[in-house]
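S.K.: I am attaching a structure below and will ask some questions about it afterwards.
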Amino acid sequence: MNKQSRFLLQGLAAAVVAATFSAQAQTVKEPRFPVNNPQPVEGQYVHVPPTMQDLEEADLHPELKRVIRRGHDLFMNTQQLRGKNVFNSMNCSSCHMGEGRLPFAGPVWPAAVVLPNYRPKNDQVNNLEERIAGCFSYSMNGKPPAWGSDDMVALTTYHQWLAKGVPIYQPGKSMYGRGYPKLPDPELKPDYARGEQVYRESCQLCHQADGGGVVQDGEVVFPAVWGDKSYNWGAGISRHFTLASFVKHNMPLGRPNSLTDQQAWDVAYYINNYERPQDPRYTGDVKETRAKYLDTFHVHTSYGLEHDGKLLGEHDNVGEKDFLKPDALIRRTYTAD
């Protein structure tokens with residue numbers, strides 16, 4: 001890719017982020033919702049998170065504002081922790097778009113009001129720090145900042161700032177735009193060849209033919225979607241239904257909801273049938289690992305299944321890091337022992 005093309009892509013990314021920010025810079029009295037996305041239904045809780053401009057105008061202690069700004073900075077540019085906590089080309093904002101505020105793009109404010117709560121993925125009750133630790137360990141193929149560290153406190157504080165005004169601790173409450181709402185089951189079984197065509201036509205410009213994304217002057221413009229620089233086999237987005245919903249509601253960049261549901265399922269299946277770093281929960285045997293976490297996770301992934309004559313995930317490759325599982329992924333017992 002030549003320099004002019006890189007600058008064009010960088011400009012596109014900046015324009016889309018600016019448009020997203022503008023669309024979200026609104027008051028609770030007059031909310032506007034993303035074009036073509038489902039509208040709120042009766043009984044759903046609707047929250048319009050505050051913006052960074054709201055923060056500047058808020059009557060808060062200057063030190064609290066400084067910490068929230070730092071959390072926002074880490075959220076938007078988690079690559080500044082590359083080689084320390086992040087070992088791929090992802091930022092928090094890669095999956096949680098619009099500064100973590102955008103409906104149907106994994107907005108992060110719900111986590112601040114529903115946690116602590118039970119999480120099937122690790123079969124234990126997680127608090128907000130532990131949920132963020134999971135993102136670092138799986139989606140960013142890394143290791144989380146230490147519990148209670150400056151970076152972790154800044155990130156949790158930013159999450160909680162986005163939840164300003166939301167009633168606390170309401171697990172089970174229907175919240176508009178939360179997560180990546182599951183699409184209806186596809187009419188046709190997801191297909192690799194059809195997905196490849198969708199990828200070439202709608203994804204390849206930003207994420208490249210080899211899935212490696214775009215890096216400009218050492219800075220990530222668009223993240224990798226497979227390979228060593230992408231999310232690992234334990235990341236939530238490696239599940240076909242999660243990636244399909246993310247694609248449907250948010251991609252291609254600047255044209256959300258332009259793909260059909262079938263196209264979203266097909267391209268998610270295509271992307272998630274490429275190799276990526278090992279699941280941190282790997283036991284040393286891919287079939288055993290798949291079976292161990294089948295019901296709670298891998299029933300929705302291609303991990304441990306055969307594709308093109310190869311067993312996906314049958315390797316010891318951990319990507320750019322030199323460890324499999326970060327120490328922060330602890331097993332809690334909640335006993336006195």
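Within each chain, counting starts at residue 1; across the structure tokens, chains are named A, B, ... in the order shown, with ligands numbered 1 upward in that order.
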Need the shell around A:Gly212: protein/DNA/RNA residues with any atom at most 10 Å away, counting only C-alpha atoms. Skip same-chain ones fewer than 4 positions apart. Format as a list in words?
M.R.: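 In the requested format, the answer is Ser89, Gln204, Cys206, His207, Gln208, Phe222, Pro223, Ala224, Val225, Trp226, Gly227, Asp228, Lys229 and Ser230 of chain A.
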S.K.: Give me the residues within 7 Å of stretch 135-142 of chain A as a list in words, counting only C-alpha atoms and dropping any in the same chain fewer than 4 places off.
M.R.: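 Within the cut-off, the hits are Asn85, Val86, Phe87, Asn88, Met90, Arg131, Tyr231, Asn232, Gly234, Ala235 and Pro326 of chain A.
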S.K.: Write the residues of the selection above to a file with N, CA and C atoms, as a PDB file, in the first residue's frame.
M.R.:
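What follows is the written file result.pdb:
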```pdb
ATOM      1  N   ASN A  85       1.124  -4.782  28.125  1.00  0.00           N
ATOM      2  CA  ASN A  85      -0.173  -5.377  28.417  1.00  0.00           C
ATOM      3  C   ASN A  85      -0.913  -5.830  27.162  1.00  0.00           C
ATOM      4  N   VAL A  86      -0.563  -5.263  26.031  1.00  0.00           N
ATOM      5  CA  VAL A  86      -1.211  -5.577  24.758  1.00  0.00           C
ATOM      6  C   VAL A  86      -0.189  -6.208  23.828  1.00  0.00           C
ATOM      7  N   PHE A  87      -0.556  -7.332  23.230  1.00  0.00           N
ATOM      8  CA  PHE A  87       0.387  -8.037  22.356  1.00  0.00           C
ATOM      9  C   PHE A  87      -0.213  -8.326  20.984  1.00  0.00           C
ATOM     10  N   ASN A  88      -1.118  -7.454  20.550  1.00  0.00           N
ATOM     11  CA  ASN A  88      -1.616  -7.518  19.178  1.00  0.00           C
ATOM     12  C   ASN A  88      -1.959  -6.095  18.743  1.00  0.00           C
ATOM     13  N   MET A  90      -4.892  -4.543  18.594  1.00  0.00           N
ATOM     14  CA  MET A  90      -6.211  -4.095  19.013  1.00  0.00           C
ATOM     15  C   MET A  90      -6.123  -2.978  20.058  1.00  0.00           C
ATOM     16  N   ARG A 131     -13.522  -8.102  34.572  1.00  0.00           N
ATOM     17  CA  ARG A 131     -14.087  -8.112  33.213  1.00  0.00           C
ATOM     18  C   ARG A 131     -13.129  -7.428  32.238  1.00  0.00           C
ATOM     19  N   TYR A 231      -6.935 -10.963  17.703  1.00  0.00           N
ATOM     20  CA  TYR A 231      -7.461 -11.545  18.937  1.00  0.00           C
ATOM     21  C   TYR A 231      -7.216 -13.056  18.939  1.00  0.00           C
ATOM     22  N   ASN A 232      -7.124 -13.634  20.136  1.00  0.00           N
ATOM     23  CA  ASN A 232      -6.816 -15.061  20.212  1.00  0.00           C
ATOM     24  C   ASN A 232      -8.094 -15.910  20.223  1.00  0.00           C
ATOM     25  N   GLY A 234      -9.597 -17.406  22.420  1.00  0.00           N
ATOM     26  CA  GLY A 234     -10.485 -17.287  23.571  1.00  0.00           C
ATOM     27  C   GLY A 234     -11.285 -15.999  23.590  1.00  0.00           C
ATOM     28  N   ALA A 235     -11.070 -15.116  22.623  1.00  0.00           N
ATOM     29  CA  ALA A 235     -11.769 -13.827  22.590  1.00  0.00           C
ATOM     30  C   ALA A 235     -13.237 -14.019  22.241  1.00  0.00           C
ATOM     31  N   PRO A 326      -2.032 -15.255  31.383  1.00  0.00           N
ATOM     32  CA  PRO A 326      -1.539 -14.277  32.364  1.00  0.00           C
ATOM     33  C   PRO A 326      -1.920 -14.681  33.780  1.00  0.00           C
TER      34      PRO A 326
END
```
S.K.: Can you work out which one of A:Tyr270, A:Trp147, A:Phe241, A:Trp265 has the shortest atom-to-atom distance to A:Leu329, counting only C-alpha atoms?
M.R.: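 The closest residue to A:Leu329 is A:Trp147.
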S.K.: Find the spatial neighbours of A:Tyr180, counting only C-alpha atoms, within a cut-off of 10 Å - ignore same-chain residues fewer than 4 positions away - and output them as a list in words.
M.R.: Cys95, His96, Pro103, Phe104, Ala105, Gly106, Pro107, Ile237, Phe241, Thr242, Leu243, Ala244, Ser245, Phe246, Val247, Lys248, His249 and Asn250 of chain A
S.K.: Taking the DSSP assignment computed from this structure's backbone, write out as JSON, numbers by chain all residues of stretch 195-271 of chain A that belong to helix (DSSP H, G or I).
M.R.: {"A": [195, 196, 197, 198, 199, 200, 201, 202, 204, 205, 206, 207, 236, 237, 238, 240, 241, 242, 243, 244, 245, 246, 247, 248, 249, 250, 261, 262, 263, 264, 265, 266, 267, 268, 269, 270, 271]}
S.K.: Rounded to one decimal, what separation in Å do you get between atom CA of A:Glu57 and atom CA of A:Tyr45?
M.R.: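 Those two atoms sit 25.3 Å apart.
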S.K.: Between A:Arg82, A:Arg178, A:Lys121, A:Lys173, single out the one closest to A:Val108, counting only C-alpha atoms.
M.R.: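 Closest residue, counting only C-alpha atoms: A:Arg178.
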S.K.: Could you name the residues that touch A:Pro110 at 10 Å or less, counting only C-alpha atoms, but leaving out those on the same chain fewer than 3 positions away, as a PyMOL selection string?
M.R.: chain A and resi 47+106-107+113-115+159-160+162-163+166+168-171+173+175-179
S.K.: Restricted to N, CA and C atoms, what would the selected residues look like written as a PDB file, in the first residue's frame?
M.R.:
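Result saved to out-v1.pdb:
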```pdb
ATOM      1  N   HIS A  47     -29.969   4.882  27.804  1.00  0.00           N
ATOM      2  CA  HIS A  47     -28.980   5.779  28.404  1.00  0.00           C
ATOM      3  C   HIS A  47     -28.110   6.377  27.315  1.00  0.00           C
ATOM      4  N   GLY A 106     -20.994  -2.762  21.513  1.00  0.00           N
ATOM      5  CA  GLY A 106     -20.358  -3.112  22.781  1.00  0.00           C
ATOM      6  C   GLY A 106     -20.147  -1.930  23.695  1.00  0.00           C
ATOM      7  N   PRO A 107     -21.167  -1.059  23.915  1.00  0.00           N
ATOM      8  CA  PRO A 107     -20.967   0.058  24.843  1.00  0.00           C
ATOM      9  C   PRO A 107     -20.560  -0.479  26.209  1.00  0.00           C
ATOM     10  N   VAL A 113     -22.592  -1.094  35.780  1.00  0.00           N
ATOM     11  CA  VAL A 113     -23.787  -1.121  36.630  1.00  0.00           C
ATOM     12  C   VAL A 113     -24.354  -2.524  36.840  1.00  0.00           C
ATOM     13  N   VAL A 114     -23.875  -3.523  36.096  1.00  0.00           N
ATOM     14  CA  VAL A 114     -24.376  -4.888  36.291  1.00  0.00           C
ATOM     15  C   VAL A 114     -23.361  -5.783  37.001  1.00  0.00           C
ATOM     16  N   LEU A 115     -22.127  -5.319  37.144  1.00  0.00           N
ATOM     17  CA  LEU A 115     -21.104  -6.096  37.835  1.00  0.00           C
ATOM     18  C   LEU A 115     -20.941  -5.591  39.263  1.00  0.00           C
ATOM     19  N   HIS A 159     -15.075   3.908  32.573  1.00  0.00           N
ATOM     20  CA  HIS A 159     -16.296   3.110  32.414  1.00  0.00           C
ATOM     21  C   HIS A 159     -17.426   3.671  33.288  1.00  0.00           C
ATOM     22  N   GLN A 160     -17.087   3.968  34.527  1.00  0.00           N
ATOM     23  CA  GLN A 160     -18.113   4.432  35.463  1.00  0.00           C
ATOM     24  C   GLN A 160     -18.588   5.835  35.123  1.00  0.00           C
ATOM     25  N   LEU A 162     -18.953   6.920  32.101  1.00  0.00           N
ATOM     26  CA  LEU A 162     -19.921   6.722  31.017  1.00  0.00           C
ATOM     27  C   LEU A 162     -21.278   6.276  31.538  1.00  0.00           C
ATOM     28  N   ALA A 163     -21.299   5.643  32.709  1.00  0.00           N
ATOM     29  CA  ALA A 163     -22.555   5.171  33.301  1.00  0.00           C
ATOM     30  C   ALA A 163     -23.198   6.214  34.214  1.00  0.00           C
ATOM     31  N   VAL A 166     -26.951   6.239  35.706  1.00  0.00           N
ATOM     32  CA  VAL A 166     -27.638   4.956  35.529  1.00  0.00           C
ATOM     33  C   VAL A 166     -27.797   4.280  36.893  1.00  0.00           C
ATOM     34  N   ILE A 168     -27.579   1.701  39.742  1.00  0.00           N
ATOM     35  CA  ILE A 168     -26.508   0.725  39.908  1.00  0.00           C
ATOM     36  C   ILE A 168     -27.073  -0.669  40.149  1.00  0.00           C
ATOM     37  N   TYR A 169     -26.313  -1.647  39.739  1.00  0.00           N
ATOM     38  CA  TYR A 169     -26.521  -3.052  40.049  1.00  0.00           C
ATOM     39  C   TYR A 169     -27.912  -3.550  39.657  1.00  0.00           C
ATOM     40  N   GLN A 170     -28.132  -3.639  38.350  1.00  0.00           N
ATOM     41  CA  GLN A 170     -29.404  -4.130  37.860  1.00  0.00           C
ATOM     42  C   GLN A 170     -29.187  -5.236  36.819  1.00  0.00           C
ATOM     43  N   PRO A 171     -28.569  -6.355  37.234  1.00  0.00           N
ATOM     44  CA  PRO A 171     -28.397  -7.468  36.304  1.00  0.00           C
ATOM     45  C   PRO A 171     -29.747  -7.977  35.827  1.00  0.00           C
ATOM     46  N   LYS A 173     -31.621  -6.430  33.658  1.00  0.00           N
ATOM     47  CA  LYS A 173     -32.391  -5.311  33.105  1.00  0.00           C
ATOM     48  C   LYS A 173     -32.080  -5.165  31.617  1.00  0.00           C
ATOM     49  N   MET A 175     -31.271  -3.313  28.488  1.00  0.00           N
ATOM     50  CA  MET A 175     -30.670  -2.012  28.225  1.00  0.00           C
ATOM     51  C   MET A 175     -30.518  -1.833  26.714  1.00  0.00           C
ATOM     52  N   TYR A 176     -31.025  -0.746  26.218  1.00  0.00           N
ATOM     53  CA  TYR A 176     -30.979  -0.492  24.782  1.00  0.00           C
ATOM     54  C   TYR A 176     -29.550  -0.423  24.266  1.00  0.00           C
ATOM     55  N   GLY A 177     -29.280  -1.196  23.204  1.00  0.00           N
ATOM     56  CA  GLY A 177     -27.989  -1.139  22.525  1.00  0.00           C
ATOM     57  C   GLY A 177     -26.876  -1.877  23.215  1.00  0.00           C
ATOM     58  N   ARG A 178     -27.178  -2.638  24.280  1.00  0.00           N
ATOM     59  CA  ARG A 178     -26.129  -3.315  25.036  1.00  0.00           C
ATOM     60  C   ARG A 178     -25.483  -4.421  24.206  1.00  0.00           C
ATOM     61  N   GLY A 179     -24.163  -4.521  24.298  1.00  0.00           N
ATOM     62  CA  GLY A 179     -23.433  -5.628  23.673  1.00  0.00           C
ATOM     63  C   GLY A 179     -23.526  -5.617  22.158  1.00  0.00           C
TER      64      GLY A 179
END
```
